[in-house]
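Everything below belongs to query-v7.cif, which stores mmCIF, C-alpha atoms.
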data_coords
#
loop_
_atom_site.label_atom_id
_atom_site.label_comp_id
_atom_site.auth_asym_id
_atom_site.auth_seq_id
_atom_site.Cartn_x
_atom_site.Cartn_y
_atom_site.Cartn_z
CA MET P 289 0.00 0.00 0.00
CA LYS P 290 2.77 2.43 0.95
CA LEU P 291 4.61 1.57 -2.26
CA LEU P 292 1.49 2.37 -4.30
CA VAL P 293 1.05 5.70 -2.50
CA LEU P 294 4.74 6.49 -2.99
CA LEU P 295 4.52 5.62 -6.66
CA ILE P 296 1.51 7.88 -7.14
CA LEU P 297 3.12 10.74 -5.23
CA THR P 298 6.41 10.52 -7.06
CA SER P 299 5.34 9.36 -10.51
CA CYS P 300 5.61 12.82 -11.99
CA ILE P 301 8.68 13.98 -10.10
CA PHE P 302 11.65 13.90 -12.42
CA GLU P 303 12.58 17.55 -12.17
CA LYS P 304 12.22 20.05 -9.39
CA ASP P 305 8.84 21.71 -9.34
CA LYS P 306 9.02 25.02 -11.12
CA ALA P 307 6.69 27.79 -10.06
CA PRO P 308 4.60 29.12 -12.90
CA GLU P 309 5.76 32.58 -13.85
CA ASN P 310 2.55 34.13 -12.55
CA LYS P 311 2.55 32.23 -9.23
CA VAL P 312 3.76 34.04 -6.17
CA LEU P 313 5.76 31.74 -3.92
CA THR P 314 4.88 31.56 -0.27
CA GLU P 315 7.60 32.33 2.25
CA GLU P 316 7.86 28.62 3.08
CA GLU P 317 8.23 27.69 -0.61
CA LYS P 318 11.04 30.24 -0.97
CA ILE P 319 12.83 28.90 2.11
CA MET P 320 12.42 25.27 1.04
CA ARG P 321 13.85 25.97 -2.41
CA SER P 322 16.78 27.91 -0.99
CA LEU P 323 17.66 24.99 1.32
CA ASP P 324 17.66 22.39 -1.46
CA ASP P 325 19.86 21.63 -4.45
CA ASP P 326 19.98 18.96 -7.15
CA THR P 327 22.72 16.82 -5.62
CA LEU P 328 21.98 13.27 -4.52
CA LEU P 329 22.07 14.03 -0.79
CA GLY P 330 21.22 17.74 -0.74
CA PRO P 331 22.68 20.25 1.70
CA ASP P 332 23.15 19.53 5.39
CA LYS P 333 24.86 22.65 6.70
CA ASN P 334 24.68 21.67 10.38
CA ASN P 335 25.99 18.13 9.66
CA ASP P 336 23.24 16.37 11.64
CA GLY P 337 22.56 13.93 8.81
CA VAL P 338 19.21 15.45 7.82
CA ARG P 339 18.82 17.42 4.60
CA ASP P 340 18.22 21.08 5.46
CA ASP P 341 14.91 21.53 3.65
CA ILE P 342 13.44 18.37 5.17
CA GLU P 343 14.68 19.33 8.64
CA TYR P 344 13.09 22.76 8.23
CA TRP P 345 9.78 21.21 7.14
CA ILE P 346 9.70 18.71 10.03
CA LYS P 347 10.55 21.33 12.65
CA LYS P 348 7.91 23.69 11.26
CA ASN P 349 5.11 21.15 10.79
CA VAL P 350 5.51 18.43 13.43
CA GLU P 351 4.48 19.58 16.90
CA ASP P 352 4.85 16.48 19.10
CA GLU P 353 8.47 16.18 20.29
CA ASN P 354 8.56 12.38 20.06
CA VAL P 355 7.14 12.39 16.54
CA LYS P 356 9.55 15.17 15.59
CA THR P 357 12.53 13.17 16.92
CA ALA P 358 11.36 10.02 15.12
CA SER P 359 10.75 11.97 11.89
CA LEU P 360 14.21 13.55 11.96
CA LEU P 361 15.79 10.14 12.56
CA TYR P 362 13.70 8.67 9.73
CA ALA P 363 14.95 11.42 7.40
CA LYS P 364 18.53 10.83 8.56
CA TYR P 365 18.34 7.08 7.85
CA TYR P 366 16.59 7.72 4.55
CA ARG P 367 19.49 9.94 3.52
CA LEU P 368 22.01 7.31 4.67
CA MET P 369 20.11 4.63 2.73
CA ILE P 370 20.43 6.76 -0.41
CA LYS P 371 24.05 7.69 0.32
CA ASN P 372 24.94 3.99 0.54
CA VAL P 373 22.76 2.81 -2.33
CA ASP P 374 25.73 1.23 -4.12
CA ASP P 375 26.66 -0.81 -1.02
CA ARG P 376 23.76 -3.27 -0.76
CA HIS P 377 24.57 -4.33 2.82
CA GLU P 378 24.70 -0.72 4.10
CA SER P 379 21.61 0.28 2.10
CA ILE P 380 19.66 -2.61 3.64
CA LYS P 381 20.90 -1.71 7.14
CA TYR P 382 19.57 1.85 6.83
CA THR P 383 16.35 0.70 5.17
CA LYS P 384 15.69 -1.45 8.24
CA LYS P 385 16.49 1.47 10.56
CA LYS P 386 14.07 3.77 8.76
CA GLY P 387 11.47 0.98 8.90
CA GLN P 388 11.88 0.90 12.68
CA LEU P 389 11.33 4.67 12.78
CA SER P 390 8.23 4.31 10.60
CA SER P 391 6.89 1.76 13.11
CA CYS P 392 7.76 4.14 15.96
CA ILE P 393 5.80 6.95 14.30
CA PHE P 394 2.90 4.54 13.70
CA GLU P 395 2.85 3.66 17.42
CA LEU P 396 2.91 7.35 18.34
CA ILE P 397 0.24 8.74 15.98
CA GLY P 398 -1.54 5.86 14.24
CA LEU P 399 -1.45 4.44 10.74
CA HIS P 400 -3.22 7.18 8.75
CA ARG P 401 -1.18 10.05 10.19
CA GLU P 402 2.05 8.01 10.01
CA MET P 403 1.47 7.26 6.32
CA LYS P 404 0.80 10.93 5.55
CA LEU P 405 3.93 12.05 7.41
CA ILE P 406 6.24 9.42 5.89
CA ASP P 407 4.82 10.05 2.41
CA LYS P 408 5.50 13.77 2.81
CA ILE P 409 9.12 13.20 3.92
CA VAL P 410 9.70 10.75 1.05
CA SER P 411 8.16 13.12 -1.50
CA LEU P 412 10.30 16.00 -0.21
CA PHE P 413 13.38 13.83 -0.51
CA ASN P 414 12.64 12.45 -3.99
CA ASN P 415 12.23 15.80 -5.69
CA SER P 416 14.81 15.20 -8.41
CA LYS P 417 15.50 12.51 -10.98
CA VAL P 418 18.80 11.47 -9.38
CA ARG P 419 17.18 11.03 -5.95
CA PHE P 420 14.18 9.20 -7.38
CA LYS P 421 16.46 6.73 -9.19
CA ALA P 422 18.52 6.17 -6.02
CA HIS P 423 15.32 5.50 -4.07
CA TRP P 424 14.30 2.76 -6.49
CA LYS P 425 17.78 1.24 -6.42
CA ALA P 426 17.63 1.13 -2.60
CA ASP P 427 14.18 -0.43 -2.87
CA ARG P 428 15.60 -3.13 -5.15
CA ASN P 429 18.44 -3.70 -2.65
CA PHE P 430 15.88 -4.43 0.06
CA ARG P 431 13.71 -6.86 -1.90
CA GLY P 432 13.54 -10.26 -0.28
CA GLN P 433 14.62 -9.01 3.14
CA LEU P 434 12.74 -9.69 6.35
CA SER P 435 12.30 -7.03 8.98
CA THR P 436 11.16 -7.63 12.53
CA GLN P 437 9.86 -5.15 15.05
CA GLN P 438 11.18 -5.08 18.60
CA GLY P 439 8.10 -3.94 20.49
CA SER P 440 4.38 -3.63 20.32
CA ASN P 441 4.13 -0.09 21.65
CA ALA P 442 6.01 3.18 21.20
CA GLU P 443 8.34 2.57 24.15
CA GLY P 444 9.37 -0.80 22.74
CA THR P 445 9.55 0.35 19.12
CA CYS P 446 11.13 3.81 19.24
CA PRO P 447 14.95 3.74 19.45
CA PHE P 448 15.09 6.73 21.78
CA LYS P 449 13.77 7.65 25.20
CA LEU P 450 10.26 9.06 24.87
CA LYS P 451 9.53 12.46 26.41
#

Could you render the structure from this file as structure tokens?
Amino acid sequence: MKLLVLLILTSCIFEKDKAPENKVLTEEEKIMRSLDDDTLLGPDKNNDGVRDDIEYWIKKNVEDENVKTASLLYAKYYRLMIKNVDDRHESIKYTKKKGQLSSCIFELIGLHREMKLIDKIVSLFNNSKVRFKAHWKADRNFRGQLSTQQGSNAEGTCPFKLK
């Protein structure tokens, strides 16, 4: 189901969205575009492992501190999965870590809200052809893998101390 949603969300993303000449960009759109570039990993000026535009979006739009922490970690592991896409073992390791964070977010806010949040982060990340291709290569790396969850609630699933 998530793959279908991801495919639908990203099916038309092969170039950065361009604002029509007559469209006035919102302040957030201007900031998001200034924080991004067309490289595979995108800028991370504070070296925390999270792409700057995605970090900005999460901090601005996610209120709950636990969900914010899990979302930032998810984005970090997503970036590491893409960074290591040519090393199948490393790519799989980070795919599993981001899966654990997805489960953590699910335990914190429920399936529907978790899917919307993860889909937004993934769509923000895959906003260029090079990133989209790397995503699909990482997806191919993970095919046939099993992933287990450690807990059945947020405290057992989230890899950090809940606030």

Separating atom CA of P:Ala358 from atom CA of P:Leu389, to the nearest tenth of an Å, is a gap of 5.8 Å

For P:Met403: contacts at 9 Å, all atoms listed in the file, fewer than 2 positions along chain excluded, given as an MDAnalysis selection string:
chainID P and resid 290 293 390 394 398:401 405:408

Restrict the selected residues to C-alpha atoms and save them as a PDB file, in the frame of the given file.
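Generated file (part-v6.pdb):
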ATOM      1  CA  LYS P 290       2.770   2.430   0.950  1.00  0.00           C
ATOM      2  CA  VAL P 293       1.050   5.700  -2.500  1.00  0.00           C
ATOM      3  CA  SER P 390       8.230   4.310  10.600  1.00  0.00           C
ATOM      4  CA  PHE P 394       2.900   4.540  13.700  1.00  0.00           C
ATOM      5  CA  GLY P 398      -1.540   5.860  14.240  1.00  0.00           C
ATOM      6  CA  LEU P 399      -1.450   4.440  10.740  1.00  0.00           C
ATOM      7  CA  HIS P 400      -3.220   7.180   8.750  1.00  0.00           C
ATOM      8  CA  ARG P 401      -1.180  10.050  10.190  1.00  0.00           C
ATOM      9  CA  LEU P 405       3.930  12.050   7.410  1.00  0.00           C
ATOM     10  CA  ILE P 406       6.240   9.420   5.890  1.00  0.00           C
ATOM     11  CA  ASP P 407       4.820  10.050   2.410  1.00  0.00           C
ATOM     12  CA  LYS P 408       5.500  13.770   2.810  1.00  0.00           C
TER      13      LYS P 408
END

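Distance check against P:Asp326 using only C-alpha atoms: of P:Gln388, P:Asn354, P:Thr445, P:Asn414, the minimum falls on P:Asn414.
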
I need the residue set behind the PyMOL selection byres ((chain P and resi 353) around 12) for this file; please write it as number ranges by chain.
P: 346-352, 354-360, 393, 396-397, 448-451

For P:Asn429, find every residue with an atom within 7 Å (counting only C-alpha atoms), except residues of its own chain fewer than 3 positions away, and show them as a PDB file with C-alpha atoms, in the frame of the given file.
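Final output, saved to part34.pdb:
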ATOM      1  CA  ARG P 376      23.760  -3.270  -0.760  1.00  0.00           C
ATOM      2  CA  SER P 379      21.610   0.280   2.100  1.00  0.00           C
ATOM      3  CA  ILE P 380      19.660  -2.610   3.640  1.00  0.00           C
ATOM      4  CA  LYS P 425      17.780   1.240  -6.420  1.00  0.00           C
ATOM      5  CA  ALA P 426      17.630   1.130  -2.600  1.00  0.00           C
TER       6      ALA P 426
END

Spatial neighbours of P:Leu328, 12 Å, all atoms listed in the file, chain gap at least 5 places, as a PyMOL selection string:
chain P and resi 339+366-373+413-423

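When only C-alpha atoms are used to measure the gap to P:Phe430, the shortest distance among P:Asp340, P:Asp332, P:Glu443, P:Asp375 belongs to P:Asp375.
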
If I take atom CA of P:Asp325 and atom CA of P:Val338, how far is one from the other in Å, to one decimal?
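Result for atom CA of P:Asp325 versus atom CA of P:Val338: 13.8 Å, one decimal.
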
Work out how far apart atom CA of P:Ala442 and atom CA of P:Glu402 are and give it in Å to one decimal.
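Distance between the two atoms: 12.8 Å.
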
Step by step, gather every atom of stretch 348-353 of chain P that the file lists, find the box along x, y and z that holds them, add 6 Å on each side, and finally give centre and edge lengths in Å to one decimal, as JSON.
{"center_x": 6.5, "center_y": 19.9, "center_z": 15.5, "size_x": 16.0, "size_y": 19.5, "size_z": 21.5}

Can you rebuild stretch 350-370 of chain P with N, CA, C and O atoms and give it as a compact mmCIF listing (two decimals), keeping the file's coordinate frame?
# COMPACT_ATOMS: atom_id res chain seq x y z
N VAL P 350 5.76 19.52 12.48
CA VAL P 350 5.51 18.43 13.43
C VAL P 350 5.62 18.99 14.84
O VAL P 350 6.68 19.46 15.24
N GLU P 351 4.52 18.95 15.58
CA GLU P 351 4.48 19.58 16.90
C GLU P 351 4.96 18.65 18.02
O GLU P 351 5.72 19.07 18.88
N ASP P 352 4.51 17.41 18.03
CA ASP P 352 4.85 16.48 19.10
C ASP P 352 6.35 16.19 19.08
O ASP P 352 6.91 15.82 18.04
N GLU P 353 7.02 16.34 20.21
CA GLU P 353 8.47 16.18 20.29
C GLU P 353 8.93 14.77 19.95
O GLU P 353 9.96 14.59 19.30
N ASN P 354 8.19 13.76 20.38
CA ASN P 354 8.56 12.38 20.06
C ASN P 354 8.42 12.11 18.57
O ASN P 354 9.29 11.48 17.97
N VAL P 355 7.35 12.57 17.98
CA VAL P 355 7.14 12.39 16.54
C VAL P 355 8.18 13.17 15.76
O VAL P 355 8.72 12.70 14.75
N LYS P 356 8.51 14.36 16.24
CA LYS P 356 9.55 15.17 15.59
C LYS P 356 10.90 14.45 15.63
O LYS P 356 11.59 14.36 14.60
N THR P 357 11.26 13.91 16.79
CA THR P 357 12.53 13.17 16.92
C THR P 357 12.54 11.97 15.99
O THR P 357 13.52 11.73 15.27
N ALA P 358 11.45 11.20 15.98
CA ALA P 358 11.36 10.02 15.12
C ALA P 358 11.42 10.42 13.64
O ALA P 358 12.07 9.74 12.84
N SER P 359 10.77 11.51 13.28
CA SER P 359 10.75 11.97 11.89
C SER P 359 12.14 12.41 11.43
O SER P 359 12.55 12.12 10.31
N LEU P 360 12.85 13.12 12.30
CA LEU P 360 14.21 13.55 11.96
C LEU P 360 15.14 12.36 11.81
O LEU P 360 15.97 12.31 10.90
N LEU P 361 14.98 11.36 12.68
CA LEU P 361 15.79 10.14 12.56
C LEU P 361 15.42 9.37 11.28
O LEU P 361 16.29 8.85 10.59
N TYR P 362 14.13 9.32 10.97
CA TYR P 362 13.70 8.67 9.73
C TYR P 362 14.37 9.35 8.53
O TYR P 362 14.91 8.67 7.65
N ALA P 363 14.34 10.68 8.51
CA ALA P 363 14.95 11.42 7.40
C ALA P 363 16.46 11.19 7.34
O ALA P 363 17.05 11.09 6.26
N LYS P 364 17.09 11.10 8.50
CA LYS P 364 18.53 10.83 8.56
C LYS P 364 18.84 9.46 7.96
O LYS P 364 19.75 9.32 7.14
N TYR P 365 18.10 8.42 8.37
CA TYR P 365 18.34 7.08 7.85
C TYR P 365 17.95 6.96 6.39
O TYR P 365 18.58 6.22 5.64
N TYR P 366 16.95 7.71 5.97
CA TYR P 366 16.59 7.72 4.55
C TYR P 366 17.76 8.25 3.74
O TYR P 366 18.15 7.69 2.72
N ARG P 367 18.34 9.34 4.21
CA ARG P 367 19.49 9.94 3.52
C ARG P 367 20.68 8.98 3.50
O ARG P 367 21.37 8.85 2.49
N LEU P 368 20.92 8.28 4.61
CA LEU P 368 22.01 7.31 4.67
C LEU P 368 21.73 6.11 3.76
O LEU P 368 22.65 5.56 3.14
N MET P 369 20.47 5.71 3.64
CA MET P 369 20.11 4.63 2.73
C MET P 369 20.47 5.02 1.30
O MET P 369 21.06 4.24 0.56
N ILE P 370 20.14 6.26 0.94
CA ILE P 370 20.43 6.76 -0.41
C ILE P 370 21.94 6.94 -0.60
O ILE P 370 22.49 6.58 -1.64
